[in-house]
>>> print(open('query-v3.txt').read())   # compact mmCIF, C-alpha atoms and all ligand atoms
# COMPACT_ATOMS: atom_id res chain seq x y z
CA MET I 1 -9.90 19.89 11.26
CA HIS I 2 -7.79 21.93 8.84
CA VAL I 3 -6.07 19.55 6.40
CA VAL I 4 -2.77 20.61 4.85
CA TYR I 5 -1.46 18.61 1.86
CA PRO I 6 2.01 17.31 2.86
CA GLU I 7 3.97 18.20 -0.25
CA GLN I 8 7.19 17.12 1.47
CA PHE I 9 6.13 13.49 1.02
CA GLU I 10 6.20 13.66 -2.78
CA THR I 11 8.92 11.53 -4.36
CA VAL I 12 9.84 9.49 -7.44
CA ILE I 13 10.30 5.72 -7.51
CA LYS I 14 12.11 3.92 -10.30
CA MET I 15 10.85 0.52 -11.40
CA LEU I 16 13.15 -2.32 -12.48
CA ASP I 17 12.51 -1.57 -16.17
CA GLY I 18 13.53 2.07 -15.61
CA THR I 19 9.99 3.52 -15.66
CA LYS I 20 9.58 6.29 -13.13
CA ALA I 21 6.48 6.51 -10.95
CA PHE I 22 5.55 9.74 -9.21
CA VAL I 23 4.61 9.01 -5.61
CA ARG I 24 2.56 11.48 -3.62
CA PRO I 25 -0.01 11.66 -0.85
CA LEU I 26 -3.49 10.98 -2.19
CA LYS I 27 -5.47 14.03 -3.23
CA PRO I 28 -9.16 13.34 -2.59
CA ALA I 29 -10.38 16.05 -4.94
CA VAL I 30 -8.61 14.69 -8.02
CA ASP I 31 -7.88 11.00 -7.34
CA LYS I 32 -11.33 9.40 -6.83
CA ASP I 33 -11.88 8.24 -10.40
CA LYS I 34 -8.29 7.12 -10.94
CA LEU I 35 -8.29 5.19 -7.68
CA TYR I 36 -11.59 3.51 -8.56
CA GLU I 37 -10.20 2.64 -11.99
CA MET I 38 -7.25 0.88 -10.34
CA TYR I 39 -9.23 -1.01 -7.71
CA SER I 40 -12.01 -2.05 -10.06
CA THR I 41 -9.56 -3.61 -12.54
CA LEU I 42 -7.52 -5.72 -10.10
CA SER I 43 -7.44 -9.46 -10.65
CA LYS I 44 -9.44 -11.60 -8.22
CA GLU I 45 -6.24 -12.85 -6.61
CA THR I 46 -4.78 -9.38 -6.06
CA ASN I 47 -8.12 -8.17 -4.71
CA TYR I 48 -8.22 -11.13 -2.32
CA TYR I 49 -4.67 -10.62 -1.09
CA ARG I 50 -5.34 -6.95 -0.45
CA PHE I 51 -8.66 -7.35 1.39
CA LEU I 52 -8.62 -11.00 2.48
CA ASN I 53 -12.09 -11.39 0.98
CA TYR I 54 -13.62 -11.51 -2.49
CA GLN I 55 -16.02 -8.59 -2.10
CA PRO I 56 -15.90 -6.31 -5.11
CA VAL I 57 -14.73 -2.78 -4.51
CA THR I 58 -17.50 -0.23 -5.09
CA ARG I 59 -17.22 3.42 -5.98
CA TRP I 60 -18.72 4.27 -2.58
CA ILE I 61 -15.97 2.34 -0.77
CA VAL I 62 -13.27 4.06 -2.83
CA GLU I 63 -14.80 7.41 -1.91
CA GLN I 64 -14.44 6.46 1.77
CA TRP I 65 -10.78 5.59 1.15
CA CYS I 66 -10.27 9.01 -0.35
CA GLU I 67 -11.13 10.58 2.99
CA VAL I 68 -7.55 10.92 4.13
CA ASN I 69 -6.39 13.68 6.47
CA TYR I 70 -2.59 13.02 6.31
CA ASP I 71 -2.71 12.61 10.07
CA ASP I 72 -4.32 9.42 11.34
CA LYS I 73 -5.44 8.48 7.82
CA MET I 74 -2.62 8.52 5.28
CA ALA I 75 -2.44 7.21 1.73
CA LEU I 76 0.34 7.40 -0.84
CA VAL I 77 -0.33 6.69 -4.50
CA ALA I 78 2.10 5.84 -7.32
CA ILE I 79 1.30 7.43 -10.65
CA VAL I 80 2.55 6.83 -14.19
CA LYS I 81 1.58 8.49 -17.45
CA VAL I 82 0.01 6.22 -20.04
CA ASN I 83 -0.72 7.84 -23.42
CA GLY I 84 -0.46 11.23 -21.74
CA GLU I 85 -3.01 10.31 -19.05
CA GLU I 86 -2.13 9.94 -15.37
CA LYS I 87 -2.87 6.50 -13.98
CA ILE I 88 -2.72 5.32 -10.36
CA ILE I 89 -0.86 2.01 -10.30
CA ALA I 90 -0.36 1.48 -6.56
CA ASP I 91 -1.89 2.58 -3.30
CA SER I 92 -0.24 2.26 0.08
CA ARG I 93 -1.94 3.43 3.24
CA TYR I 94 -1.97 3.33 6.99
CA TYR I 95 -4.49 4.23 9.67
CA ILE I 96 -3.20 5.20 13.09
CA ASP I 97 -4.91 4.43 16.35
CA LYS I 98 -4.02 7.62 18.19
CA THR I 99 -4.45 6.04 21.60
CA THR I 100 -1.73 3.43 20.98
CA GLY I 101 0.33 4.91 18.14
CA GLU I 102 -0.14 1.64 16.23
CA ALA I 103 -1.05 1.78 12.57
CA GLU I 104 -2.39 -0.85 10.20
CA ILE I 105 -0.64 -0.71 6.86
CA ALA I 106 -1.86 -2.09 3.53
CA ILE I 107 -0.56 -1.91 -0.02
CA VAL I 108 -1.63 -2.90 -3.48
CA VAL I 109 0.19 -2.73 -6.80
CA HIS I 110 -1.98 -3.16 -9.89
CA ASP I 111 -1.39 -6.54 -11.59
CA ASP I 112 0.01 -4.87 -14.72
CA TYR I 113 2.88 -3.40 -12.66
CA GLN I 114 3.66 -6.17 -10.16
CA GLY I 115 7.12 -7.73 -10.03
CA GLN I 116 8.79 -4.45 -11.05
CA GLY I 117 10.10 -3.53 -7.61
CA ILE I 118 7.46 -0.90 -6.97
CA GLY I 119 5.77 -2.73 -4.08
CA THR I 120 9.04 -3.04 -2.16
CA LYS I 121 10.06 0.57 -2.76
CA LEU I 122 6.63 2.02 -2.03
CA LEU I 123 6.32 0.03 1.17
CA GLU I 124 9.80 1.11 2.23
CA TYR I 125 8.86 4.71 1.54
CA THR I 126 5.56 4.39 3.41
CA ILE I 127 7.46 3.10 6.45
CA GLU I 128 9.68 6.19 6.26
CA VAL I 129 6.64 8.49 6.08
CA ALA I 130 4.96 6.61 8.94
CA ARG I 131 8.05 7.07 11.08
CA LYS I 132 8.09 10.79 10.31
CA THR I 133 4.41 11.14 11.20
CA GLY I 134 4.90 9.58 14.63
CA VAL I 135 3.70 6.00 14.12
CA LYS I 136 5.09 3.78 16.88
CA THR I 137 4.33 0.38 15.35
CA LEU I 138 3.14 -0.75 11.94
CA TYR I 139 1.22 -3.98 11.48
CA ALA I 140 -0.55 -5.89 8.73
CA TYR I 141 -2.59 -9.08 8.40
CA LEU I 142 -1.51 -11.37 5.57
CA SER I 143 -2.88 -14.45 3.87
CA PRO I 144 -0.62 -17.50 4.47
CA THR I 145 -0.55 -18.17 0.72
CA ASN I 146 0.65 -14.64 -0.10
CA ARG I 147 4.32 -15.61 -0.44
CA ARG I 148 5.24 -12.44 -2.28
CA ILE I 149 4.20 -9.96 0.44
CA ILE I 150 5.60 -12.24 3.16
CA HIS I 151 8.95 -12.14 1.35
CA VAL I 152 8.81 -8.36 0.83
CA ILE I 153 7.64 -7.47 4.32
CA LYS I 154 10.28 -9.66 6.01
CA LYS I 155 12.93 -8.10 3.78
CA LEU I 156 11.85 -4.69 5.11
CA GLY I 157 12.34 -5.78 8.72
CA PHE I 158 8.86 -6.84 9.85
CA THR I 159 8.53 -9.89 12.06
CA VAL I 160 5.83 -12.24 10.83
CA LYS I 161 3.86 -14.44 13.22
CA TRP I 162 1.09 -16.95 12.64
CA VAL I 163 -2.19 -16.03 14.37
CA HIS I 164 -3.92 -19.35 14.85
CA ASP I 165 -7.38 -17.96 15.78
CA ILE I 166 -7.83 -16.12 12.49
CA GLY I 167 -5.68 -18.28 10.22
CA GLU I 168 -3.60 -15.35 9.02
CA TYR I 169 -0.11 -14.00 9.54
CA LYS I 170 0.40 -10.79 11.47
CA ALA I 171 3.40 -8.71 10.45
CA ASN I 172 4.81 -6.24 12.95
CA LEU I 173 7.40 -3.46 12.75
CA PRO I 174 8.26 -1.21 15.71
CA LEU I 175 9.38 2.21 14.50
CA GLN I 176 10.37 3.90 17.74
C1 LIG Y 201 2.63 -7.79 -2.60
C2 LIG Y 201 2.85 -6.65 -3.59
C3 LIG Y 201 2.49 -5.33 -2.91
C4 LIG Y 201 4.33 -6.65 -3.97
O1 LIG Y 201 4.56 -5.64 -4.91
P1 LIG Y 201 5.40 -5.94 -6.24
O2 LIG Y 201 5.68 -4.66 -6.88
O3 LIG Y 201 4.69 -6.96 -7.03
O4 LIG Y 201 6.72 -6.60 -5.59
P2 LIG Y 201 8.25 -6.33 -5.91
O5 LIG Y 201 8.46 -6.42 -7.39
O6 LIG Y 201 8.70 -5.08 -5.26
O7 LIG Y 201 8.96 -7.52 -5.14
C5 LIG Y 201 8.51 -8.80 -5.24
C6 LIG Y 201 9.45 -9.68 -4.44
O8 LIG Y 201 8.76 -10.89 -4.13
C7 LIG Y 201 9.53 -12.00 -4.63
N1 LIG Y 201 8.54 -13.01 -4.98
C8 LIG Y 201 7.71 -13.04 -6.04
N2 LIG Y 201 6.94 -14.13 -5.99
C9 LIG Y 201 7.30 -14.81 -4.85
C10 LIG Y 201 6.88 -16.04 -4.25
N3 LIG Y 201 5.92 -16.78 -4.78
N4 LIG Y 201 7.46 -16.41 -3.08
C11 LIG Y 201 8.44 -15.66 -2.50
N5 LIG Y 201 8.87 -14.49 -3.05
C12 LIG Y 201 8.31 -14.08 -4.22
C13 LIG Y 201 10.34 -11.44 -5.78
O9 LIG Y 201 11.46 -12.23 -6.05
C14 LIG Y 201 10.71 -10.07 -5.22
O10 LIG Y 201 11.71 -10.19 -4.26
P3 LIG Y 201 13.22 -9.67 -4.51
O11 LIG Y 201 13.11 -8.19 -4.83
O12 LIG Y 201 13.92 -9.91 -3.20
O13 LIG Y 201 13.75 -10.48 -5.64
C15 LIG Y 201 2.00 -6.83 -4.87
O14 LIG Y 201 2.36 -8.02 -5.50
C16 LIG Y 201 0.50 -6.79 -4.61
O15 LIG Y 201 -0.12 -5.75 -4.69
N6 LIG Y 201 -0.10 -7.97 -4.29
C17 LIG Y 201 -1.53 -8.04 -4.04
C18 LIG Y 201 -1.99 -7.26 -2.81
C19 LIG Y 201 -1.23 -7.69 -1.57
O16 LIG Y 201 -0.80 -8.81 -1.43
N7 LIG Y 201 -1.07 -6.74 -0.63
C20 LIG Y 201 -0.37 -7.02 0.61
C21 LIG Y 201 -1.30 -7.21 1.76
S1 LIG Y 201 -1.93 -5.70 2.35
>>> encode(input="query-v3.txt", output="structure tokens", more="lines below")
Ligand SMILES: CC(C)(COP(=O)(O)OP(=O)(O)OC[C@H]1O[C@@H](n2cnc3c(N)ncnc32)[C@H](O)[C@@H]1OP(=O)(O)O)[C@@H](O)C(=O)NCCC(=O)NCCS
Amino acid sequence: MHVVYPEQFETVIKMLDGTKAFVRPLKPAVDKDKLYEMYSTLSKETNYYRFLNYQPVTRWIVEQWCEVNYDDKMALVAIVKVNGEEKIIADSRYYIDKTTGEAEIAIVVHDDYQGQGIGTKLLEYTIEVARKTGVKTLYAYLSPTNRRIIHVIKKLGFTVKWVHDIGEYKANLPLQ
């Protein structure tokens, strides 16, 4: 499959303190190390809320996550410059099941940048990109103690329902 980098999805997001983050589709060839740096320095709580388990993220796993094709596997990263060096501070992604048009969405903002409005804006932007790429419904599984994402995701229009069997919330957003 010929993969074309979707430059049209590049944008800039402003944080509450005025810092600007450059948001763009993940570039596997240049982002592996920066993405690993972000995931390997998350707090235990953030790691848990993102993956709903405490397994440490390995370099191998991050390499798998870099295998995006901007079609059924899409990832957007937020980048800031720290001491002249580019740093990935957030990663938002969705994987589409082509048979149903449903896509699971997940997001993480590095602890050092949480509470600055970036999670809300990046998620909002990811929804916009998902809509443009033909996703019919977005969904996510959330820990019941993750009050922050439950607040954010409801604010962005998702319905949130308790799934008794797995003890998690499922958030749902129809896009079409
Ligand atoms: C959830 C997450 C993506 C949010 O990103 P963020 O940049 O920290 O969030 P924002 O600054 O955009 O917004 C936070 C909102 O939550 C609210 N909030 C914070 N703590 C809260 C709490 N305990 N209960 C309810 N709302 C809370 C804030 O008031 C703010 O809402 P407002 O803008 O309406 O005032 C980020 O915290 C994160 O990466 N968490 C760990 C991973 C995760 O939970 N991923 C989601 C599952 S895939």
>>> residues_around(input="query-v3.txt", residues="Asp112 in chain I", least_positions_apart="3", cutoff="10 Å", atoms="all atoms listed in the file", output="list in words")
Thr41, Leu42, Ser43, Ile89, Val109, Gly115 and Gln116 of chain I
>>> write_last_selection(input="query-v3.txt", atoms="C-alpha atoms", output="PDB file, in the frame of the given file")
ATOM      1  CA  THR I  41      -9.560  -3.610 -12.540  1.00  0.00           C
ATOM      2  CA  LEU I  42      -7.520  -5.720 -10.100  1.00  0.00           C
ATOM      3  CA  SER I  43      -7.440  -9.460 -10.650  1.00  0.00           C
ATOM      4  CA  ILE I  89      -0.860   2.010 -10.300  1.00  0.00           C
ATOM      5  CA  VAL I 109       0.190  -2.730  -6.800  1.00  0.00           C
ATOM      6  CA  GLY I 115       7.120  -7.730 -10.030  1.00  0.00           C
ATOM      7  CA  GLN I 116       8.790  -4.450 -11.050  1.00  0.00           C
TER       8      GLN I 116
END
>>> residues_near_point(input="query-v3.txt", point="(7.9, -13.6, 5.5)", cutoff="12 Å", atoms="only C-alpha atoms", output="ChimeraX atom specification")
/I:140-162,169-172
>>> axis_aligned_box(input="query-v3.txt", around="range 115-134 of chain I", padding_each_side="5 Å", output="JSON")
{"center_x": 7.3, "center_y": 1.7, "center_z": 1.8, "size_x": 15.7, "size_y": 28.9, "size_z": 35.7}
>>> closest_residue(input="query-v3.txt", among="I:Lys87, I:Arg131, I:Lys136, I:Lys121", to="Glu102 in chain I", atoms="all atoms listed in the file")
I:Lys136
>>> residues_around(input="query-v3.txt", residues="Thr11 in chain I", least_positions_apart="4", cutoff="8 Å", atoms="only C-alpha atoms", output="list of chain:residue names")
I:Phe22, I:Val23, I:Arg24
>>> atom_distance(input="query-v3.txt", atom1="CA of Val62 in chain I", atom2="CA of Tyr125 in chain I")
22.6 Å
>>> residues_around(input="query-v3.txt", residues="Leu122 in chain I", least_positions_apart="2", cutoff="9 Å", atoms="only C-alpha atoms", output="list in words")
Ile13, Val23, Leu76, Val77, Ala78, Ala90, Asp91, Ser92, Ile107, Gly117, Ile118, Gly119, Thr120, Glu124, Tyr125, Thr126 and Ile127 of chain I
>>> atom_distance(input="query-v3.txt", atom1="atom O3 of ligand LIG 201 (chain Y)", atom2="CA of Ala21 in chain I")
14.1 Å
>>> atom_distance(input="query-v3.txt", atom1="CA of Gly101 in chain I", atom2="CA of Ile88 in chain I")
28.7 Å
>>> closest_residue(input="query-v3.txt", among="I:Thr19, I:Thr99, I:Asn69, I:Gln114", to="Val3 in chain I", atoms="all atoms listed in the file")
I:Asn69
>>> closest_residue(input="query-v3.txt", among="I:Val163, I:Pro6, I:Lys20, I:Lys27", to="Val82 in chain I", atoms="all atoms listed in the file")
I:Lys20
>>> closest_residue(input="query-v3.txt", among="I:Ala106, I:Met15, I:Ala130, I:Leu138", to="ligand LIG 201 (chain Y)", atoms="all atoms listed in the file")
I:Ala106
>>> closest_residue(input="query-v3.txt", among="I:Tyr36, I:Pro25, I:Tyr139, I:Ile166", to="Gln8 in chain I", atoms="all atoms listed in the file")
I:Pro25
>>> closest_residue(input="query-v3.txt", among="I:Ala103, I:Val12, I:Leu123, I:Val129", to="Ile79 in chain I", atoms="all atoms listed in the file")
I:Val12
>>> decode(input="query-v3.txt", residues="range 156-173 of chain I", atoms="N, CA and C atoms", output="PDB file, in the first residue's frame")
ATOM      1  N   LEU I 156     -16.982  17.048  24.738  1.00  0.00           N
ATOM      2  CA  LEU I 156     -16.842  17.005  23.277  1.00  0.00           C
ATOM      3  C   LEU I 156     -17.980  16.235  22.605  1.00  0.00           C
ATOM      4  N   GLY I 157     -18.987  15.854  23.362  1.00  0.00           N
ATOM      5  CA  GLY I 157     -20.199  15.293  22.762  1.00  0.00           C
ATOM      6  C   GLY I 157     -20.348  13.785  22.829  1.00  0.00           C
ATOM      7  N   PHE I 158     -19.367  13.084  23.403  1.00  0.00           N
ATOM      8  CA  PHE I 158     -19.491  11.622  23.520  1.00  0.00           C
ATOM      9  C   PHE I 158     -20.559  11.288  24.563  1.00  0.00           C
ATOM     10  N   THR I 159     -21.261  10.176  24.344  1.00  0.00           N
ATOM     11  CA  THR I 159     -22.084   9.636  25.419  1.00  0.00           C
ATOM     12  C   THR I 159     -21.218   8.621  26.161  1.00  0.00           C
ATOM     13  N   VAL I 160     -21.400   8.546  27.458  1.00  0.00           N
ATOM     14  CA  VAL I 160     -20.553   7.660  28.263  1.00  0.00           C
ATOM     15  C   VAL I 160     -21.448   6.684  29.022  1.00  0.00           C
ATOM     16  N   LYS I 161     -21.197   5.378  28.791  1.00  0.00           N
ATOM     17  CA  LYS I 161     -22.049   4.365  29.437  1.00  0.00           C
ATOM     18  C   LYS I 161     -21.193   3.365  30.204  1.00  0.00           C
ATOM     19  N   TRP I 162     -21.701   2.950  31.328  1.00  0.00           N
ATOM     20  CA  TRP I 162     -21.020   1.958  32.153  1.00  0.00           C
ATOM     21  C   TRP I 162     -21.173   0.573  31.528  1.00  0.00           C
ATOM     22  N   VAL I 163     -20.057  -0.154  31.378  1.00  0.00           N
ATOM     23  CA  VAL I 163     -20.124  -1.523  30.851  1.00  0.00           C
ATOM     24  C   VAL I 163     -19.814  -2.457  32.017  1.00  0.00           C
ATOM     25  N   HIS I 164     -20.868  -3.016  32.576  1.00  0.00           N
ATOM     26  CA  HIS I 164     -20.762  -3.783  33.805  1.00  0.00           C
ATOM     27  C   HIS I 164     -19.756  -4.942  33.687  1.00  0.00           C
ATOM     28  N   ASP I 165     -19.832  -5.697  32.584  1.00  0.00           N
ATOM     29  CA  ASP I 165     -18.995  -6.904  32.421  1.00  0.00           C
ATOM     30  C   ASP I 165     -17.510  -6.631  32.564  1.00  0.00           C
ATOM     31  N   ILE I 166     -17.055  -5.468  32.081  1.00  0.00           N
ATOM     32  CA  ILE I 166     -15.611  -5.193  32.120  1.00  0.00           C
ATOM     33  C   ILE I 166     -15.237  -4.142  33.170  1.00  0.00           C
ATOM     34  N   GLY I 167     -16.243  -3.557  33.801  1.00  0.00           N
ATOM     35  CA  GLY I 167     -15.957  -2.573  34.853  1.00  0.00           C
ATOM     36  C   GLY I 167     -15.297  -1.310  34.323  1.00  0.00           C
ATOM     37  N   GLU I 168     -15.668  -0.939  33.114  1.00  0.00           N
ATOM     38  CA  GLU I 168     -15.123   0.296  32.518  1.00  0.00           C
ATOM     39  C   GLU I 168     -16.263   1.077  31.877  1.00  0.00           C
ATOM     40  N   TYR I 169     -15.991   2.357  31.600  1.00  0.00           N
ATOM     41  CA  TYR I 169     -16.946   3.138  30.829  1.00  0.00           C
ATOM     42  C   TYR I 169     -16.621   2.993  29.341  1.00  0.00           C
ATOM     43  N   LYS I 170     -17.664   3.013  28.532  1.00  0.00           N
ATOM     44  CA  LYS I 170     -17.447   3.083  27.080  1.00  0.00           C
ATOM     45  C   LYS I 170     -18.017   4.412  26.598  1.00  0.00           C
ATOM     46  N   ALA I 171     -17.160   5.181  25.940  1.00  0.00           N
ATOM     47  CA  ALA I 171     -17.586   6.468  25.379  1.00  0.00           C
ATOM     48  C   ALA I 171     -17.827   6.283  23.889  1.00  0.00           C
ATOM     49  N   ASN I 172     -18.856   6.926  23.388  1.00  0.00           N
ATOM     50  CA  ASN I 172     -19.292   6.722  22.005  1.00  0.00           C
ATOM     51  C   ASN I 172     -19.650   8.044  21.331  1.00  0.00           C
ATOM     52  N   LEU I 173     -19.178   8.229  20.098  1.00  0.00           N
ATOM     53  CA  LEU I 173     -19.542   9.451  19.369  1.00  0.00           C
ATOM     54  C   LEU I 173     -19.813   9.133  17.902  1.00  0.00           C
TER      55      LEU I 173
END
